[in-house]
Number of protein chains: 2
Amino acid sequence: MSSQSEKADLLKKLHHRGRMLILPNIWDAAGASLLETLGYPAVATASAAISHAHGFEDGEHIPFDMLLSIVAQVVKAVNVPVTVDLETGYALDRATLKSNIRRLIAAGVAGINIEDTDLRTRELVPVNEQVEKLKLIRKVAEQENTRMFINARTDSFLLKNDMSQEERLAVAIERGKAYIDAGADGIYPIFAKEESAIKALVAALKVPLNVLAMPGTPDLDALQRLGVARVSFGPNVHKAMLATMRTMLQDVIKSTSHFPVTGYPATS
Amino acid sequence: MSSQSEKADLLKKLHHRGRMLILPNIWDAAGASLLETLGYPAVATASAAISHAHGFEDGEHIPFDMLLSIVAQVVKAVNVPVTVDLETGYALDRATLKSNIRRLIAAGVAGINIEDTDLRTRELVPVNEQVEKLKLIRKVAEQENTRMFINARTDSFLLKNDMSQEERLAVAIERGKAYIDAGADGIYPIFAKEESAIKALVAALKVPLNVLAMPGTPDLDALQRLGVARVSFGPNVHKAMLATMRTMLQDVIKSTSHFPVTGYPATS
């Protein structure tokens, strides 16, 4: 069993090996074990999936303690590094953010996503505010004598407003650079999907770029060719599973044939 | 929104309406919402599924607090009655059992499954011990001025030992009668699957009979004709979902086409 810092180092390496890191985000320990069994070298959570699974809206409505208890079990379930979607940090002040980061490190988390939306206004937080947040997270990890892969998400492509695609790209690059200076290990411009934008982001930002796979994004081979380091799926695996479950349970009144008692799929 | 006791009354009625209550057991709030949306009139949890989802072995290895937080969200997610698989009660003493039952009632749980396996020895607990447990649960509900549908599971067909099918049936009937006298509202002889055994159980026990759907059990129409009041799926929906997820994630390296970003299936 590797230490938290060894896992953080491995997670970082997986972003720099020249082969795209594919992270179909999961929401519980069983999903994490499944990914590890299938050979995925790291595991990422999706906050929207964890929240929705337990009846909460995304946007930090799930209590941090509940999120942490689920995340801790995810980490325990696998040997590969685990990176956690932390939304904006589940904290309205620096003391709470510090505490949350410390508790995630103590749970063995190797990396986090941290995003720059203001959840109250659904606008981008001022860039200097996010820079201070990233610096604080980096400092907490240093104080704990640990490494942690900080994937800084910038939401310029995500938010609903009247910005053009060109403006969104410019903001993502500007923020990406600022976040790298503040200590980010990777940049995640979620909802960037045009090939030209992805190409420009890879060229402008000298750290691993994370793309969300969604309708309209280039396929995985194309993303690899564009130099994307990491591809995420957000809550889409969870949505696909619930859609499948819906179909199964619509049929169950008629038949039990969907449910063989053959044990859980092997996960070790 | 109905009260906990109104939901317990409804859950009881659903066992006595002459149409089999079909409960594809779920493990989180999202699954509960899905069932309600599809028209299921009640929701049941599966302890094995909740445990496995979060990296715990079945058999009360998940902390009761974590189970309760998940169950509380299941109850909040739906208006239909929720019945919880409580294994043996997550308690080694009467005070803890009392506390657990009170907390489940406070969370709005309408019914429970309680089983007669000794988790340490994997043998049946002495019948009088289980009778005392059932009486205690009934008394706690009365003290709280609430109703609660107690589905008493007897594990004579489940446990691995050298008993014949005839002996297992005799034990299930003997225990079923004792549990009814102690206050059980329904009897759940898990792993009873032969038509003749199910018929004998329905005839001998004057409360609703719960059957686990598994390979070898009569189909749902046949169970209905036999007079079965309730059919459960245990962890089999969860197993089917993980098997599906395994197939999806094996393919994901090649394609993202399984994961349309089309929102969560409607659950309201």
# chains A, B, ... in the order shown; residues from 1 in each chain; ligands from 1
>>> select_by_dssp(residues="stretch 85-247 of chain A", states="strand (DSSP E or B)", output="MDAnalysis selection string")
chainID A and resid 85 111:115 117:118 123:124 149:153 186:188 209:212 230:232
>>> residues_around(residues="stretch 74-91 of chain A", least_positions_apart="4", cutoff="8 Å", atoms="only C-alpha atoms", output="NGL selection string")
(:A and (1-2 or 7-8 or 10-11 or 28-30 or 32-33 or 36 or 41-47 or 59-60 or 64 or 70 or 96-97 or 100 or 107-119 or 149)) or (:B and (54-55))
>>> closest_residue(among="A:Asn25, A:Thr37, A:Gln73, A:Thr247", to="B:Ala53", atoms="only C-alpha atoms")
A:Gln73
>>> residues_around(residues="B:Glu142", least_positions_apart="6", cutoff="12 Å", atoms="only C-alpha atoms", output="PDB file with N, CA, C and O atoms, in the first residue's frame")
ATOM      1  N   SER B   5     -45.915   6.870  10.764  1.00  0.00           N
ATOM      2  CA  SER B   5     -46.920   5.837  11.062  1.00  0.00           C
ATOM      3  C   SER B   5     -47.896   5.644   9.906  1.00  0.00           C
ATOM      4  O   SER B   5     -48.315   4.520   9.607  1.00  0.00           O
ATOM      5  N   LYS B  98     -32.387  -0.825  20.822  1.00  0.00           N
ATOM      6  CA  LYS B  98     -33.422   0.189  21.079  1.00  0.00           C
ATOM      7  C   LYS B  98     -33.065   1.509  20.407  1.00  0.00           C
ATOM      8  O   LYS B  98     -33.892   2.140  19.743  1.00  0.00           O
ATOM      9  N   ILE B 101     -33.392   1.358  16.586  1.00  0.00           N
ATOM     10  CA  ILE B 101     -34.786   1.377  16.133  1.00  0.00           C
ATOM     11  C   ILE B 101     -35.373   2.784  16.279  1.00  0.00           C
ATOM     12  O   ILE B 101     -36.041   3.292  15.373  1.00  0.00           O
ATOM     13  N   ARG B 102     -35.079   3.421  17.401  1.00  0.00           N
ATOM     14  CA  ARG B 102     -35.573   4.796  17.601  1.00  0.00           C
ATOM     15  C   ARG B 102     -35.055   5.729  16.512  1.00  0.00           C
ATOM     16  O   ARG B 102     -35.785   6.570  15.999  1.00  0.00           O
ATOM     17  N   ILE B 105     -36.841   5.089  13.242  1.00  0.00           N
ATOM     18  CA  ILE B 105     -38.186   5.670  13.284  1.00  0.00           C
ATOM     19  C   ILE B 105     -38.099   7.191  13.111  1.00  0.00           C
ATOM     20  O   ILE B 105     -38.857   7.788  12.339  1.00  0.00           O
ATOM     21  N   LYS B 135     -39.928  -8.801  20.116  1.00  0.00           N
ATOM     22  CA  LYS B 135     -40.789  -8.156  21.127  1.00  0.00           C
ATOM     23  C   LYS B 135     -40.231  -6.791  21.520  1.00  0.00           C
ATOM     24  O   LYS B 135     -40.980  -5.824  21.710  1.00  0.00           O
ATOM     25  N   LEU B 136     -38.905  -6.733  21.632  1.00  0.00           N
ATOM     26  CA  LEU B 136     -38.270  -5.466  22.004  1.00  0.00           C
ATOM     27  C   LEU B 136     -38.500  -4.404  20.922  1.00  0.00           C
ATOM     28  O   LEU B 136     -38.833  -3.251  21.223  1.00  0.00           O
ATOM     29  N   MET B 148     -44.717   0.274  12.790  1.00  0.00           N
ATOM     30  CA  MET B 148     -43.561  -0.120  11.995  1.00  0.00           C
ATOM     31  C   MET B 148     -43.841  -1.532  11.499  1.00  0.00           C
ATOM     32  O   MET B 148     -44.217  -2.405  12.287  1.00  0.00           O
ATOM     33  N   GLY B 183     -44.930 -10.562  17.371  1.00  0.00           N
ATOM     34  CA  GLY B 183     -45.276  -9.238  16.845  1.00  0.00           C
ATOM     35  C   GLY B 183     -44.869  -8.980  15.409  1.00  0.00           C
ATOM     36  O   GLY B 183     -45.043  -7.861  14.909  1.00  0.00           O
TER      37      GLY B 183
END
>>> atom_distance(atom1="atom CA of A:Lys177", atom2="atom CA of A:Lys199")
15.5 Å
>>> atom_distance(atom1="atom CA of B:Leu14", atom2="atom CA of B:Arg168")
27.9 Å
>>> select_by_dssp(residues="stretch 39-158 of chain B", states="helix (DSSP H, G or I)", output="MDAnalysis selection string")
chainID B and resid 47:53 64:77 94:106 127:143
>>> closest_residue(among="A:Arg246, A:His238, A:His52, A:Arg147", to="A:Gly31", atoms="only C-alpha atoms")
A:His238
>>> decode(residues="stretch 110-125 of chain B", atoms="all heavy atoms", output="mmCIF file, in the first residue's frame")
data_model
loop_
_atom_site.group_PDB
_atom_site.id
_atom_site.type_symbol
_atom_site.label_atom_id
_atom_site.label_comp_id
_atom_site.auth_asym_id
_atom_site.auth_seq_id
_atom_site.Cartn_x
_atom_site.Cartn_y
_atom_site.Cartn_z
ATOM 1 N N ALA B 110 -40.518 3.148 7.589
ATOM 2 C CA ALA B 110 -41.847 2.570 7.806
ATOM 3 C C ALA B 110 -41.799 1.099 8.174
ATOM 4 O O ALA B 110 -42.753 0.560 8.736
ATOM 5 C CB ALA B 110 -42.705 2.750 6.554
ATOM 6 N N GLY B 111 -40.709 0.440 7.837
ATOM 7 C CA GLY B 111 -40.614 -0.987 8.120
ATOM 8 C C GLY B 111 -39.174 -1.447 8.118
ATOM 9 O O GLY B 111 -38.280 -0.738 7.652
ATOM 10 N N ILE B 112 -38.972 -2.624 8.688
ATOM 11 C CA ILE B 112 -37.627 -3.204 8.697
ATOM 12 C C ILE B 112 -37.693 -4.695 8.386
ATOM 13 O O ILE B 112 -38.715 -5.346 8.593
ATOM 14 C CB ILE B 112 -36.924 -3.056 10.070
ATOM 15 C CG1 ILE B 112 -37.778 -3.682 11.192
ATOM 16 C CG2 ILE B 112 -36.602 -1.595 10.354
ATOM 17 C CD1 ILE B 112 -37.024 -3.880 12.492
ATOM 18 N N ASN B 113 -36.575 -5.218 7.888
ATOM 19 C CA ASN B 113 -36.297 -6.655 7.882
ATOM 20 C C ASN B 113 -35.348 -6.934 9.029
ATOM 21 O O ASN B 113 -34.381 -6.186 9.224
ATOM 22 C CB ASN B 113 -35.561 -7.069 6.598
ATOM 23 C CG ASN B 113 -36.484 -7.257 5.430
ATOM 24 O OD1 ASN B 113 -37.659 -6.918 5.488
ATOM 25 N ND2 ASN B 113 -35.934 -7.797 4.350
ATOM 26 N N ILE B 114 -35.634 -7.989 9.775
ATOM 27 C CA ILE B 114 -34.720 -8.369 10.853
ATOM 28 C C ILE B 114 -34.515 -9.878 10.768
ATOM 29 O O ILE B 114 -35.478 -10.633 10.652
ATOM 30 C CB ILE B 114 -35.268 -7.895 12.224
ATOM 31 C CG1 ILE B 114 -34.242 -8.078 13.332
ATOM 32 C CG2 ILE B 114 -36.585 -8.542 12.572
ATOM 33 C CD1 ILE B 114 -33.423 -6.845 13.603
ATOM 34 N N GLU B 115 -33.282 -10.323 10.757
ATOM 35 C CA GLU B 115 -32.977 -11.720 10.429
ATOM 36 C C GLU B 115 -32.470 -12.501 11.630
ATOM 37 O O GLU B 115 -31.974 -11.911 12.593
ATOM 38 C CB GLU B 115 -31.973 -11.769 9.279
ATOM 39 C CG GLU B 115 -30.601 -11.245 9.623
ATOM 40 C CD GLU B 115 -29.760 -10.865 8.405
ATOM 41 O OE1 GLU B 115 -30.310 -10.286 7.443
ATOM 42 O OE2 GLU B 115 -28.535 -11.136 8.429
ATOM 43 N N ASP B 116 -32.574 -13.834 11.547
ATOM 44 C CA ASP B 116 -32.261 -14.663 12.712
ATOM 45 C C ASP B 116 -30.961 -15.460 12.578
ATOM 46 O O ASP B 116 -30.797 -16.495 13.224
ATOM 47 C CB ASP B 116 -33.452 -15.576 13.059
ATOM 48 C CG ASP B 116 -33.818 -16.543 11.949
ATOM 49 O OD1 ASP B 116 -33.098 -16.577 10.923
ATOM 50 O OD2 ASP B 116 -34.820 -17.275 12.096
ATOM 51 N N THR B 117 -30.035 -14.937 11.767
ATOM 52 C CA THR B 117 -28.704 -15.541 11.739
ATOM 53 C C THR B 117 -27.844 -14.916 12.830
ATOM 54 O O THR B 117 -27.934 -13.716 13.073
ATOM 55 C CB THR B 117 -28.039 -15.285 10.369
ATOM 56 O OG1 THR B 117 -28.744 -16.015 9.370
ATOM 57 C CG2 THR B 117 -26.575 -15.729 10.365
ATOM 58 N N ASP B 118 -27.031 -15.728 13.491
ATOM 59 C CA ASP B 118 -25.972 -15.195 14.341
ATOM 60 C C ASP B 118 -24.780 -14.908 13.438
ATOM 61 O O ASP B 118 -24.177 -15.828 12.878
ATOM 62 C CB ASP B 118 -25.598 -16.223 15.420
ATOM 63 C CG ASP B 118 -24.553 -15.669 16.387
ATOM 64 O OD1 ASP B 118 -23.672 -14.886 15.950
ATOM 65 O OD2 ASP B 118 -24.612 -16.023 17.581
ATOM 66 N N LEU B 119 -24.469 -13.619 13.264
ATOM 67 C CA LEU B 119 -23.446 -13.247 12.277
ATOM 68 C C LEU B 119 -22.063 -13.762 12.658
ATOM 69 O O LEU B 119 -21.186 -13.875 11.809
ATOM 70 C CB LEU B 119 -23.401 -11.717 12.108
ATOM 71 C CG LEU B 119 -24.661 -11.095 11.470
ATOM 72 C CD1 LEU B 119 -24.572 -9.576 11.471
ATOM 73 C CD2 LEU B 119 -24.867 -11.615 10.052
ATOM 74 N N ARG B 120 -21.871 -14.077 13.937
ATOM 75 C CA ARG B 120 -20.554 -14.574 14.356
ATOM 76 C C ARG B 120 -20.395 -16.059 14.042
ATOM 77 O O ARG B 120 -19.343 -16.512 13.631
ATOM 78 C CB ARG B 120 -20.344 -14.314 15.851
ATOM 79 C CG ARG B 120 -20.235 -12.822 16.173
ATOM 80 C CD ARG B 120 -20.508 -12.522 17.635
ATOM 81 N NE ARG B 120 -21.904 -12.845 17.995
ATOM 82 C CZ ARG B 120 -22.462 -12.590 19.166
ATOM 83 N NH1 ARG B 120 -21.753 -12.018 20.116
ATOM 84 N NH2 ARG B 120 -23.723 -12.902 19.404
ATOM 85 N N THR B 121 -21.474 -16.827 14.232
ATOM 86 C CA THR B 121 -21.370 -18.283 14.037
ATOM 87 C C THR B 121 -21.954 -18.748 12.716
ATOM 88 O O THR B 121 -21.751 -19.882 12.308
ATOM 89 C CB THR B 121 -22.129 -19.024 15.156
ATOM 90 O OG1 THR B 121 -23.519 -18.638 15.077
ATOM 91 C CG2 THR B 121 -21.580 -18.651 16.528
ATOM 92 N N ARG B 122 -22.703 -17.865 12.031
ATOM 93 C CA ARG B 122 -23.425 -18.247 10.811
ATOM 94 C C ARG B 122 -24.372 -19.416 11.062
ATOM 95 O O ARG B 122 -24.587 -20.271 10.226
ATOM 96 C CB ARG B 122 -22.448 -18.590 9.676
ATOM 97 C CG ARG B 122 -21.638 -17.396 9.203
ATOM 98 C CD ARG B 122 -22.451 -16.450 8.344
ATOM 99 N NE ARG B 122 -21.846 -15.110 8.301
ATOM 100 C CZ ARG B 122 -22.419 -14.043 7.763
ATOM 101 N NH1 ARG B 122 -23.628 -14.129 7.247
ATOM 102 N NH2 ARG B 122 -21.826 -12.878 7.754
ATOM 103 N N GLU B 123 -24.926 -19.449 12.266
ATOM 104 C CA GLU B 123 -25.994 -20.399 12.584
ATOM 105 C C GLU B 123 -27.223 -19.606 13.012
ATOM 106 O O GLU B 123 -27.126 -18.409 13.298
ATOM 107 C CB GLU B 123 -25.547 -21.334 13.719
ATOM 108 C CG GLU B 123 -24.468 -22.299 13.267
ATOM 109 C CD GLU B 123 -23.906 -23.121 14.427
ATOM 110 O OE1 GLU B 123 -24.471 -23.040 15.543
ATOM 111 O OE2 GLU B 123 -22.910 -23.822 14.200
ATOM 112 N N LEU B 124 -28.355 -20.290 13.077
ATOM 113 C CA LEU B 124 -29.561 -19.615 13.554
ATOM 114 C C LEU B 124 -29.412 -19.294 15.036
ATOM 115 O O LEU B 124 -28.891 -20.113 15.804
ATOM 116 C CB LEU B 124 -30.789 -20.514 13.346
ATOM 117 C CG LEU B 124 -31.194 -20.778 11.889
ATOM 118 C CD1 LEU B 124 -32.364 -21.770 11.844
ATOM 119 C CD2 LEU B 124 -31.574 -19.485 11.178
ATOM 120 N N VAL B 125 -29.848 -18.111 15.432
ATOM 121 C CA VAL B 125 -29.866 -17.819 16.864
ATOM 122 C C VAL B 125 -30.995 -18.644 17.487
ATOM 123 O O VAL B 125 -31.948 -19.023 16.799
ATOM 124 C CB VAL B 125 -30.107 -16.311 17.153
ATOM 125 C CG1 VAL B 125 -28.983 -15.462 16.593
ATOM 126 C CG2 VAL B 125 -31.441 -15.851 16.612
#
